[in-house]
Amino acid sequence: MSLKSKTGILLLNLGTPDDPSPESVGRYLTEFLSDPWVIDIPAPLRWILINWIIVPRRKFASSEAYQKIWGKLGSPLKTALMEATESLRKQLDDSYIVEPAMRYQNPSIESALKRFQAAGVNHIRVVHLYPQYATATNRSTEEKIKELLLELSYQASVEVLKPYYRNPLFIGPYVNAIRESLERWEKPDTRPYVLFSYHGLPERQVRKADPSGSHCLMSGTCCDSISPKNEAFCYRAHCFSTTRELARELGLATDQYSLSFQSRLGRTKWLDPDTVPVVQELAKKGVKDLLVVCPAFTADCLETLEEIGIRLREEFTNAGGERFDFVRSLNARPDWVRSLAEFSKSGDYVPLAR
């Protein structure tokens with residue numbers, strides 16, 4: 001088989017600083033927050049907000065947080081990506097070339113595309129690690145790829161994996177991870193309350209993704225089921241659907257779990273309920289044992305290891321809770337890598353609009 005007949009697999013996650021120093025964290029935050037799909041306000045106001053207010057203050061606090069989770073091999077998110085890449089390469093035959101990339105910072109999408117281009121790859125599949133659709137992740141990534149293809153004069157055909165928020169290839173490995181955590185629970189006869197915590201989004205971004213303009217957040221039940229109006233682009237509906245699938249597979253009754261959204265920034269209205277008040281209220285109501293699952297993340301990162309594993313643990317115990325644990329992300333689990341291989345070979349893709 002010739003090189004030109006190979007399929008490029010772009011295994012892609014969001015991004016991480018190169019190191020935990022304030023300078024490196026500042027560069028990462030500046031690139032990330034400057035993306036108009038992340039902070040969707042007029043460019044001049046966004047520039048002032050980022051460069052005069054957010055980054056000068058936040059880079060030091062974020063640097064301290066990153067230092068708490070930084071591993072011997074560097075960023076946990078990058079480590080997981082590189083390990084998954086190596087494992088995926090072993091799962092696929094030589095008709096595929098797998099390259100890792102981050103939407104922000106390194107390894108960059110540009111470097112991956114250049115390697116594909118040099119190898120004569122004319123067909124690329126984007127296997128993104130975002131289970132639920134959001135413009136701040138999926139759409140931003142797609143726009144960046146289009147921009148780089150144009151800059152590189154690269155004529156490869158590109159297709160993008162559809163959101164897989166309820167696909168058994170995603171649900172199955174996460175169920176396995178949760179069950180393993182439950183098996184390690186110190187009180188085997190007492191099942192903990194389970195909180196599914198997803199990364200938050202401003203409500204306006206969720207509404208903007210509604211093609212009908214008349215469904216999203218228009219009622220208290222708009223996300224209770226998947227329909228043609230929310231199956232493709234509604235982040236909130238996708239989170240609800242993932243939760244329902246996981247709870248069903250785990251056999252959780254409705255009073256044994258709930259859903260919340262974490263990682264808020266700024267004063268705009270974000271998706272409710274907020275994870276921290278939810279956890280505080282659970283403890284006050286007498287929940288002593290809590291297991292937190294973060295199914296918006298397929299790899300451990302600052303939001304799982306520090307925000308949940310450290311800070312949320314403190315919030316729970318300070319409010320009266322006793323036993324707290326969180327489920328590690330899929331990272332490079334063998335069952336997840338097998339799923340990534342299936343996605344690579346026969347996933348549900350859509351062409352990248354050019």
# chains A, B, ... in the order shown; residues from 1 in each chain; ligands from 1
>>> residues_around(residues="range 294-309 of chain A", least_positions_apart="4", cutoff="9 Å", atoms="only C-alpha atoms", output="MDAnalysis selection string")
chainID A and resid 13 16 62 65:66 68:69 75:78 80:81 129:132 165 174 195:199 239 242:243 262:263 313:314 324:332
>>> select_by_dssp(residues="range 37-144 of chain A", states="strand (DSSP E or B)", output="MDAnalysis selection string")
chainID A and resid 71 74 96:105 108 123:128
>>> atom_distance(atom1="CA of Ala156 in chain A", atom2="CA of Thr85 in chain A")
21.3 Å
>>> residues_around(residues="Ser212 in chain A", least_positions_apart="2", cutoff="12 Å", atoms="only C-alpha atoms", output="JSON, numbers by chain")
{"A": [207, 208, 209, 210, 214, 215, 216, 217, 218, 228, 229, 230, 232, 233, 234]}
>>> residues_around(residues="Arg264 in chain A", least_positions_apart="5", cutoff="10 Å", atoms="only C-alpha atoms", output="mmCIF file with C-alpha atoms, in the first residue's frame")
data_model
loop_
_atom_site.group_PDB
_atom_site.id
_atom_site.type_symbol
_atom_site.label_atom_id
_atom_site.label_comp_id
_atom_site.auth_asym_id
_atom_site.auth_seq_id
_atom_site.Cartn_x
_atom_site.Cartn_y
_atom_site.Cartn_z
ATOM 1 C CA HIS A 199 -17.407 21.408 32.597
ATOM 2 C CA GLY A 200 -19.700 24.421 32.552
ATOM 3 C CA LEU A 201 -20.556 26.761 29.689
ATOM 4 C CA PRO A 202 -22.190 30.185 29.536
ATOM 5 C CA LYS A 269 -24.956 33.321 33.507
ATOM 6 C CA TRP A 270 -23.589 29.767 33.317
ATOM 7 C CA LEU A 271 -25.351 26.434 33.188
ATOM 8 C CA ASP A 274 -23.075 24.734 40.067
ATOM 9 C CA THR A 275 -21.003 21.820 41.382
#
>>> closest_residue(among="A:Cys222, A:Leu149, A:Ile41, A:Ala283", to="Ala319 in chain A", atoms="only C-alpha atoms")
A:Ala283
>>> select_by_dssp(residues="range 132-269 of chain A", states="alpha helix (DSSP H)", output="ChimeraX atom specification")
/A:140-151,168-183,203-208,235-250
>>> closest_residue(among="A:Leu11, A:Val206, A:Val293, A:Leu265", to="Glu83 in chain A", atoms="only C-alpha atoms")
A:Leu11
>>> residues_around(residues="range 86-103 of chain A", least_positions_apart="4", cutoff="6 Å", atoms="only C-alpha atoms", output="JSON, numbers by chain")
{"A": [6, 7, 8, 9, 10, 11, 12, 13, 14, 15, 107, 108, 109, 112, 337]}
>>> atom_distance(atom1="CA of Ile39 in chain A", atom2="CA of Val25 in chain A")
17.7 Å
>>> residues_around(residues="Tyr28 in chain A", least_positions_apart="2", cutoff="10 Å", atoms="only C-alpha atoms", output="PDB file with N, CA and C atoms, in the first residue's frame")
ATOM      1  N   GLY A  15      -5.793  21.185  25.389  1.00  0.00           N
ATOM      2  CA  GLY A  15      -4.547  21.901  25.550  1.00  0.00           C
ATOM      3  C   GLY A  15      -4.068  21.992  26.981  1.00  0.00           C
ATOM      4  N   THR A  16      -2.798  22.378  27.127  1.00  0.00           N
ATOM      5  CA  THR A  16      -2.162  22.443  28.436  1.00  0.00           C
ATOM      6  C   THR A  16      -0.925  23.317  28.327  1.00  0.00           C
ATOM      7  N   PRO A  17      -0.512  23.950  29.414  1.00  0.00           N
ATOM      8  CA  PRO A  17       0.755  24.681  29.385  1.00  0.00           C
ATOM      9  C   PRO A  17       1.931  23.728  29.166  1.00  0.00           C
ATOM     10  N   ASP A  18       3.039  24.278  28.671  1.00  0.00           N
ATOM     11  CA  ASP A  18       4.238  23.458  28.491  1.00  0.00           C
ATOM     12  C   ASP A  18       4.899  23.131  29.820  1.00  0.00           C
ATOM     13  N   ASP A  19       4.740  24.002  30.796  1.00  0.00           N
ATOM     14  CA  ASP A  19       5.250  23.756  32.138  1.00  0.00           C
ATOM     15  C   ASP A  19       4.377  24.560  33.107  1.00  0.00           C
ATOM     16  N   PRO A  22       4.304  30.463  35.967  1.00  0.00           N
ATOM     17  CA  PRO A  22       3.329  31.512  35.638  1.00  0.00           C
ATOM     18  C   PRO A  22       3.457  32.004  34.202  1.00  0.00           C
ATOM     19  N   GLU A  23       4.686  32.069  33.681  1.00  0.00           N
ATOM     20  CA  GLU A  23       4.884  32.547  32.318  1.00  0.00           C
ATOM     21  C   GLU A  23       4.262  31.598  31.300  1.00  0.00           C
ATOM     22  N   SER A  24       4.518  30.311  31.475  1.00  0.00           N
ATOM     23  CA  SER A  24       3.962  29.322  30.545  1.00  0.00           C
ATOM     24  C   SER A  24       2.450  29.227  30.675  1.00  0.00           C
ATOM     25  N   VAL A  25       1.964  29.251  31.913  1.00  0.00           N
ATOM     26  CA  VAL A  25       0.518  29.221  32.131  1.00  0.00           C
ATOM     27  C   VAL A  25      -0.129  30.461  31.528  1.00  0.00           C
ATOM     28  N   GLY A  26       0.530  31.600  31.644  1.00  0.00           N
ATOM     29  CA  GLY A  26       0.008  32.832  31.050  1.00  0.00           C
ATOM     30  C   GLY A  26      -0.098  32.736  29.539  1.00  0.00           C
ATOM     31  N   THR A  30      -3.643  32.912  27.594  1.00  0.00           N
ATOM     32  CA  THR A  30      -3.842  33.957  26.585  1.00  0.00           C
ATOM     33  C   THR A  30      -4.317  33.366  25.268  1.00  0.00           C
ATOM     34  N   GLU A  31      -3.673  32.282  24.830  1.00  0.00           N
ATOM     35  CA  GLU A  31      -4.095  31.652  23.574  1.00  0.00           C
ATOM     36  C   GLU A  31      -5.499  31.077  23.699  1.00  0.00           C
ATOM     37  N   PHE A  32      -5.758  30.397  24.784  1.00  0.00           N
ATOM     38  CA  PHE A  32      -7.051  29.760  24.997  1.00  0.00           C
ATOM     39  C   PHE A  32      -8.177  30.786  25.074  1.00  0.00           C
ATOM     40  N   LEU A  33      -8.017  31.777  25.912  1.00  0.00           N
ATOM     41  CA  LEU A  33      -9.086  32.745  26.135  1.00  0.00           C
ATOM     42  C   LEU A  33      -9.235  33.729  24.980  1.00  0.00           C
ATOM     43  N   SER A  34      -8.210  33.878  24.142  1.00  0.00           N
ATOM     44  CA  SER A  34      -8.305  34.775  22.989  1.00  0.00           C
ATOM     45  C   SER A  34      -9.138  34.176  21.857  1.00  0.00           C
ATOM     46  N   VAL A  55      -5.667  37.259  32.699  1.00  0.00           N
ATOM     47  CA  VAL A  55      -4.374  36.572  32.696  1.00  0.00           C
ATOM     48  C   VAL A  55      -3.398  37.129  33.731  1.00  0.00           C
ATOM     49  N   LYS A  59      -2.865  33.829  36.102  1.00  0.00           N
ATOM     50  CA  LYS A  59      -1.727  32.972  35.764  1.00  0.00           C
ATOM     51  C   LYS A  59      -0.978  32.501  37.008  1.00  0.00           C
ATOM     52  N   TYR A 104      -4.691  23.959  21.739  1.00  0.00           N
ATOM     53  CA  TYR A 104      -3.877  25.079  22.206  1.00  0.00           C
ATOM     54  C   TYR A 104      -2.538  24.552  22.713  1.00  0.00           C
ATOM     55  N   GLN A 105      -1.467  25.233  22.347  1.00  0.00           N
ATOM     56  CA  GLN A 105      -0.110  24.883  22.755  1.00  0.00           C
ATOM     57  C   GLN A 105       0.347  23.587  22.088  1.00  0.00           C
ATOM     58  N   ASN A 106       1.071  22.735  22.809  1.00  0.00           N
ATOM     59  CA  ASN A 106       1.809  21.648  22.163  1.00  0.00           C
ATOM     60  C   ASN A 106       1.430  20.265  22.706  1.00  0.00           C
TER      61      ASN A 106
END
>>> residues_around(residues="Phe316 in chain A", least_positions_apart="3", cutoff="9 Å", atoms="only C-alpha atoms", output="list in words")
Val276, Val279, Gln280, Glu281, Leu282, Ala283, Lys288, Leu290, Arg311, Leu312, Arg313, Ala319, Gly320, Gly321, Glu322, Arg323 and Phe324 of chain A
>>> closest_residue(among="A:Gly74, A:Pro192, A:Pro44, A:Pro56", to="Val292 in chain A", atoms="only C-alpha atoms")
A:Pro192
>>> closest_residue(among="A:Arg139, A:Glu315, A:Pro211, A:Ser219", to="Glu231 in chain A", atoms="only C-alpha atoms")
A:Pro211
>>> closest_residue(among="A:Cys223, A:Ile178, A:Ala84, A:Leu169", to="Gly251 in chain A", atoms="only C-alpha atoms")
A:Ile178
